[in-house]
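Read through the structure below, which is laid out as structure tokens, and then see the notes.
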Number of protein chains: 2
Amino acid sequence: MRISELSRRSGVSVTTIKYYLREGLLPPGRQTAATQAEYDDQHLRRLRLVRALTGVRGLSVSTTREVLDALTEHTGDTHLVLGLALGAVRLSDEAAAHPPETAEVDALVKELGWAVNEAAPARATLAETLASLRSLGVPVDARTLLPYARLAERTAVLDLDQLTGLADPLEAAERALLLTVLLEPALMALRRMAQENESARRHAAE
Amino acid sequence: MRISELSRRSGVSVTTIKYYLREGLLPPGRQTAATQAEYDDQHLRRLRLVRALTGVRGLSVSTTREVLDALTEHTGDTHLVLGLALGAVRLSDEAAAHPPETAEVDALVKELGWAVNEAAPARATLAETLASLRSLGVPVDARTLLPYARLAERTAVLDLDQLTGLADPLEAAERALLLTVLLEPALMALRRMAQENESARRHAAE
DNA sequence: TAACATAGATAGTGAAGGTATCCAATGGGT
DNA sequence: ACCCATTGGATACCTTCACTATCTATGTTA
């Protein structure tokens with residue numbers, strides 16, 4: 001298909017598609033002439049993926065590019081792709097500039113018995129959150145997070161279960177990415193509703 | 001204290017503080033003369049809160065204002081503040097324009113037995129996420145979310161436990177907000193690490 | 001009273017994420 | 001075989017956001 005059909009089928013304007021091509025979010029089409037290129041279903045799929053990551057999750061264009069690069073370069077190894085993709089998705093860019101003290105978090109990870117990369121940005125995210133909460137007078141430490149971590153373990157089991165039975169490695173890697181990144185707003189939405197429910201329960205019980 | 005001391009103690013530049021005052025993120029100081037105003041610890045606390053919400057969580061200035069307004073206007077009722085504050089934090093602004101079909105999600109909430117506001121934006125967030133995942137070929141439905149919801153229930157219990165024993169209602173409301181909003185990146189970081197661990201475990205087991 | 005700080009107003013900045021316009025080269029419909 | 005809308009590629013422009021800088025009149029302090 002040509003660019004106008006790609007635009008029509010995805011709902012993304014032609015100029016925006018051109019912008020994504022420039023930014024490397026979308027691989028160039030197969031050139032058929034000097035001013036003609038051919039796009040296929042891969043492009044359409046990729047375009048929808050880009051819109052999901054930027055729109056639903058609010059990833060920046062540059063982060064999206066890093067994530068997609070990890071996805072296409074290491075398609076074979078789902079475990080590796082997950083690590084790379086998630087590493088690229090920084091929750092906050094501040095951490096890179098001022099790497100916080102992660103000793104406390106490292107101890108937590110050790111106590112949990114988790115096999116997690118030493119350089120995982122998630123460690124910095126945790127340390128930063130703890131520091132912020134404490135500066136605002138909320139008494140939290142790594143131990144506070146322990147029961148949350150146990151629930152996260154069970155969430156991860158559910159996540160990984162969704163990936164079984166996918167033969168195509170590209171498909172598996174892509175689904176891993178989607179479930180990890182796109183499910184985040186949904187899980188937070190569930191938490192908020194559960195909080196509302198729990199708050200109402202306790203309120204009524206008094 | 002005057003603005004320069006507020007700046008020094010918070011690490012936020014004087015010009016930025018003036019900007020926050022203009023934007024209504026910070027209440028004006030007590031005027032002592034035509035070109036002089038006095039700020040107190042409330043302002044310092046509020047300023048740190050603003051930096052935490054915008055910096056750690058990445059909330060926009062306007063969203064932050066809505067959240068803080070809910071916090072100060074309904075200080076007495078923690079349950080209400082939580083609802084309002086969380087309602088103001090839209091995960092994605094798209095939902096407001098194109099309200100998605102929430103029937104499926106509503107059924108899930110009913111099955112869970114949760115007492116949740118009919119108009120809660122979290123419902124739309126869930127519906128939108130499901131729609132996105134399906135458009136990308138991931139076979140999910142509301143039932144898929146059920147086990148996640150059960151884990152969210154237990155997370156919410158932990159959250160509400162952190163709020164017990166706070167006499168001052170403003171403090172309780174503020175802490176509720178902090179734990180809900182600031183803990184989000186931390187919980188997602190835990191989930192990612194847990195996924196990495198679980199992925200490694202299954203990889204090794206083969 | 002001289003030097004410096006402050007409040008308030010207005011204008012400017014830089015990054016991000018597009019959008020619009022131009023151009024030469026097609027290429028499907030007649 | 002012709003013609004004009006479409007295309008790819010390049011460049012310039014636009015809008016929003018979150019600050020940042022500058023200016024002026026007024027205070028404060030040593």
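By convention in this document, the chains of the structure tokens carry letters A, B, ... by their order, each chain's residues are numbered from 1, and ligands are numbered from 1 in the order they are shown.
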
Could you please tell me, as a PDB file with N, CA, C and O atoms (P, O5', C5', C4', C3', O3' and C1' of nucleotides), in the first residue's frame, which residues of chain C have an atom within 10 Å of chain A when using only C-alpha atoms (C1' of nucleotides)?
```pdb
ATOM      1  P    DA C  16      13.461  17.394  23.679  1.00  0.00           P
ATOM      2  O5'  DA C  16      11.900  17.192  23.455  1.00  0.00           O
ATOM      3  C5'  DA C  16      11.003  17.484  24.500  1.00  0.00           C
ATOM      4  C4'  DA C  16       9.590  17.424  23.961  1.00  0.00           C
ATOM      5  C3'  DA C  16       9.366  16.354  22.888  1.00  0.00           C
ATOM      6  O3'  DA C  16       8.174  15.668  23.213  1.00  0.00           O
ATOM      7  C1'  DA C  16       8.668  18.480  22.107  1.00  0.00           C
ATOM      8  P    DG C  17       7.806  14.279  22.480  1.00  0.00           P
ATOM      9  O5'  DG C  17       6.738  14.744  21.411  1.00  0.00           O
ATOM     10  C5'  DG C  17       5.512  15.310  21.869  1.00  0.00           C
ATOM     11  C4'  DG C  17       4.752  15.844  20.688  1.00  0.00           C
ATOM     12  C3'  DG C  17       4.696  14.898  19.472  1.00  0.00           C
ATOM     13  O3'  DG C  17       3.382  14.904  18.936  1.00  0.00           O
ATOM     14  C1'  DG C  17       5.452  17.002  18.822  1.00  0.00           C
ATOM     15  P    DG C  18       2.859  13.565  18.160  1.00  0.00           P
ATOM     16  O5'  DG C  18       3.301  13.666  16.692  1.00  0.00           O
ATOM     17  C5'  DG C  18       3.087  14.466  15.637  1.00  0.00           C
ATOM     18  C4'  DG C  18       2.542  15.850  15.819  1.00  0.00           C
ATOM     19  C3'  DG C  18       1.833  16.341  14.589  1.00  0.00           C
ATOM     20  O3'  DG C  18       0.557  16.880  14.903  1.00  0.00           O
ATOM     21  C1'  DG C  18       3.572  17.837  15.218  1.00  0.00           C
ATOM     22  P    DT C  19      -0.548  16.931  13.720  1.00  0.00           P
ATOM     23  O5'  DT C  19      -0.102  18.176  12.838  1.00  0.00           O
ATOM     24  C5'  DT C  19      -0.414  19.485  13.290  1.00  0.00           C
ATOM     25  C4'  DT C  19       0.013  20.492  12.244  1.00  0.00           C
ATOM     26  C3'  DT C  19      -0.543  20.239  10.834  1.00  0.00           C
ATOM     27  O3'  DT C  19      -1.129  21.464  10.432  1.00  0.00           O
ATOM     28  C1'  DT C  19       1.793  20.601  10.750  1.00  0.00           C
ATOM     29  P    DA C  20      -1.990  21.539   9.082  1.00  0.00           P
ATOM     30  O5'  DA C  20      -1.221  22.613   8.198  1.00  0.00           O
ATOM     31  C5'  DA C  20      -0.125  23.330   8.751  1.00  0.00           C
ATOM     32  C4'  DA C  20       0.566  24.123   7.658  1.00  0.00           C
ATOM     33  C3'  DA C  20      -0.022  23.974   6.270  1.00  0.00           C
ATOM     34  O3'  DA C  20       0.074  25.238   5.626  1.00  0.00           O
ATOM     35  C1'  DA C  20       2.209  23.126   6.284  1.00  0.00           C
ATOM     36  P    DA C  24      11.180  22.046  -9.142  1.00  0.00           P
ATOM     37  O5'  DA C  24      11.711  20.591  -9.550  1.00  0.00           O
ATOM     38  C5'  DA C  24      12.687  19.937  -8.754  1.00  0.00           C
ATOM     39  C4'  DA C  24      12.444  18.437  -8.757  1.00  0.00           C
ATOM     40  C3'  DA C  24      12.186  17.833 -10.147  1.00  0.00           C
ATOM     41  O3'  DA C  24      12.913  16.605 -10.234  1.00  0.00           O
ATOM     42  C1'  DA C  24      10.384  17.313  -8.722  1.00  0.00           C
ATOM     43  P    DA C  25      12.864  15.735 -11.543  1.00  0.00           P
ATOM     44  O5'  DA C  25      11.900  14.548 -11.119  1.00  0.00           O
ATOM     45  C5'  DA C  25      12.313  13.670 -10.073  1.00  0.00           C
ATOM     46  C4'  DA C  25      11.238  12.644  -9.838  1.00  0.00           C
ATOM     47  C3'  DA C  25      10.827  11.847 -11.095  1.00  0.00           C
ATOM     48  O3'  DA C  25      10.653  10.489 -10.723  1.00  0.00           O
ATOM     49  C1'  DA C  25       8.931  12.862 -10.151  1.00  0.00           C
ATOM     50  P    DT C  26      10.574   9.338 -11.767  1.00  0.00           P
ATOM     51  O5'  DT C  26       9.186   9.621 -12.468  1.00  0.00           O
ATOM     52  C5'  DT C  26       8.231   8.583 -12.617  1.00  0.00           C
ATOM     53  C4'  DT C  26       7.375   8.450 -11.349  1.00  0.00           C
ATOM     54  C3'  DT C  26       6.194   7.528 -11.557  1.00  0.00           C
ATOM     55  O3'  DT C  26       5.996   6.712 -10.418  1.00  0.00           O
ATOM     56  C1'  DT C  26       5.438   9.698 -10.964  1.00  0.00           C
ATOM     57  P    DG C  27       5.661   5.168 -10.575  1.00  0.00           P
ATOM     58  O5'  DG C  27       4.136   5.199 -11.049  1.00  0.00           O
ATOM     59  C5'  DG C  27       3.116   5.633 -10.146  1.00  0.00           C
ATOM     60  C4'  DG C  27       1.818   5.843 -10.901  1.00  0.00           C
ATOM     61  C3'  DG C  27       1.594   4.867 -12.071  1.00  0.00           C
ATOM     62  O3'  DG C  27       0.216   4.536 -12.091  1.00  0.00           O
ATOM     63  C1'  DG C  27       1.417   7.055 -12.846  1.00  0.00           C
TER      64       DG C  27
END
```

If you take only C-alpha atoms and a cut-off of 12 Å, which residues of stretch 106-190 of chain B touch stretch 121-131 of chain A, and what are their nearest atom pairs and distances in Å to one decimal, in chain and number order, as JSON lines?
```
{"residue": "B:Leu178", "atom": "CA", "partner": "A:Thr129", "partner_atom": "CA", "distance": 10.3}
{"residue": "B:Leu179", "atom": "CA", "partner": "A:Thr129", "partner_atom": "CA", "distance": 10.2}
{"residue": "B:Thr180", "atom": "CA", "partner": "A:Thr129", "partner_atom": "CA", "distance": 12.0}
{"residue": "B:Val181", "atom": "CA", "partner": "A:Thr129", "partner_atom": "CA", "distance": 10.5}
{"residue": "B:Leu182", "atom": "CA", "partner": "A:Thr129", "partner_atom": "CA", "distance": 6.7}
{"residue": "B:Leu183", "atom": "CA", "partner": "A:Thr129", "partner_atom": "CA", "distance": 6.9}
{"residue": "B:Glu184", "atom": "CA", "partner": "A:Thr129", "partner_atom": "CA", "distance": 9.1}
{"residue": "B:Pro185", "atom": "CA", "partner": "A:Thr125", "partner_atom": "CA", "distance": 7.0}
{"residue": "B:Ala186", "atom": "CA", "partner": "A:Leu126", "partner_atom": "CA", "distance": 5.1}
{"residue": "B:Leu187", "atom": "CA", "partner": "A:Leu126", "partner_atom": "CA", "distance": 8.3}
{"residue": "B:Met188", "atom": "CA", "partner": "A:Ala122", "partner_atom": "CA", "distance": 8.4}
{"residue": "B:Ala189", "atom": "CA", "partner": "A:Ala122", "partner_atom": "CA", "distance": 4.8}
{"residue": "B:Leu190", "atom": "CA", "partner": "A:Ala122", "partner_atom": "CA", "distance": 7.2}
```

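With distances restricted to only C-alpha atoms, A:Gly55 is the closest residue to chain B from A:Gly24, A:Gly11, A:Gly29, A:Gly55.
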
Select, as a PDB file with C-alpha atoms (C1' of nucleotides), in the first residue's frame, those residues of chain D with any atom no more than 12 Å from chain A (distances computed using only C-alpha atoms (C1' of nucleotides)).
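Once written, selection04.pdb looks like this:
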```pdb
ATOM      1  C1'  DT D   6      -0.492  11.871  -5.482  1.00  0.00           C
ATOM      2  C1'  DT D   7       3.925  10.832  -3.611  1.00  0.00           C
ATOM      3  C1'  DG D   8       8.597  11.183  -1.253  1.00  0.00           C
ATOM      4  C1'  DG D   9      11.726  14.150   0.584  1.00  0.00           C
ATOM      5  C1'  DA D  10      13.185  18.475   2.451  1.00  0.00           C
TER       6       DA D  10
END
```

field: Selection near A:Leu151, 12 Å with only C-alpha atoms (C1' of nucleotides), sequence-local residues under 2 positions removed, as number ranges by chain
entry: A: 112, 145-149, 153-158; B: 147-158, 187-188, 190-191, 194-195

- request: Compare B:Ser7, B:Thr32, B:Ser199, B:Ser62 by their minimum atom-to-atom distance to chain A, counting only C-alpha atoms, and give me the closest one.
  value: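 Looking at the shortest contact to chain A, the residue is B:Ser199.
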
message: I'd like the contact shell of stretch 45-49 of chain B - 9 Å cut-off, only C-alpha atoms (C1' of nucleotides), skipping same-chain residues fewer than 2 positions apart - returned as JSON, numbers by chain.
response: {"A": [132, 135, 136], "B": [6, 10, 12, 17, 20, 25, 26, 27, 40, 41, 42, 43, 51, 52, 53, 54, 68, 178]}

Written selection (C-alpha atoms) as a CSV table (one decimal), in the first residue's frame:
```
chain,number,residue,atom,x,y,z
A,132,SER,CA,10.8,12.1,47.8
A,135,SER,CA,11.4,14.6,52.2
A,136,LEU,CA,7.6,15.2,52.5
B,6,LEU,CA,11.6,29.9,50.5
B,10,SER,CA,13.2,24.4,48.8
B,12,VAL,CA,13.4,26.0,43.7
B,17,ILE,CA,8.2,30.2,42.7
B,20,TYR,CA,3.8,28.8,40.6
B,25,LEU,CA,-0.1,26.1,42.5
B,26,LEU,CA,1.0,28.0,45.6
B,27,PRO,CA,-1.2,30.3,47.6
B,40,ASP,CA,5.5,30.2,56.1
B,41,ASP,CA,6.1,26.4,56.5
B,42,GLN,CA,2.8,25.7,54.8
B,43,HIS,CA,4.2,27.3,51.7
B,51,ARG,CA,7.9,19.5,43.0
B,52,ALA,CA,7.2,15.9,43.9
B,53,LEU,CA,4.0,15.6,41.8
B,54,THR,CA,5.5,17.3,38.8
B,68,LEU,CA,-4.1,20.5,45.0
B,178,LEU,CA,1.2,11.1,48.2
```

- prompt: When you draw a straight line from atom CA of B:His203 to atom CA of A:Glu73, how long is it in Å?
  reply: 20.0 Å

For atom CA of B:Arg202 and atom CA of A:Leu160, the interatomic separation in Å (one decimal):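 Distance reported for this atom pair: 9.1 Å.
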
task: Please report, as a list in words, each residue of stretch 7-157 of chain A to which DSSP assigns strand (DSSP E) when run on this structure's backbone.
output: Arg30, Gln31, Thr32, Ala33, Gln36, Ala37 and Glu38 of chain A

query: Of the candidates B:Ala172, B:Trp114, B:Ala107, B:Pro139, which shows the shortest atom-to-atom distance to chain A, using only C-alpha atoms?
result: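 Answer, going by the shortest atom-to-atom distance: B:Trp114.
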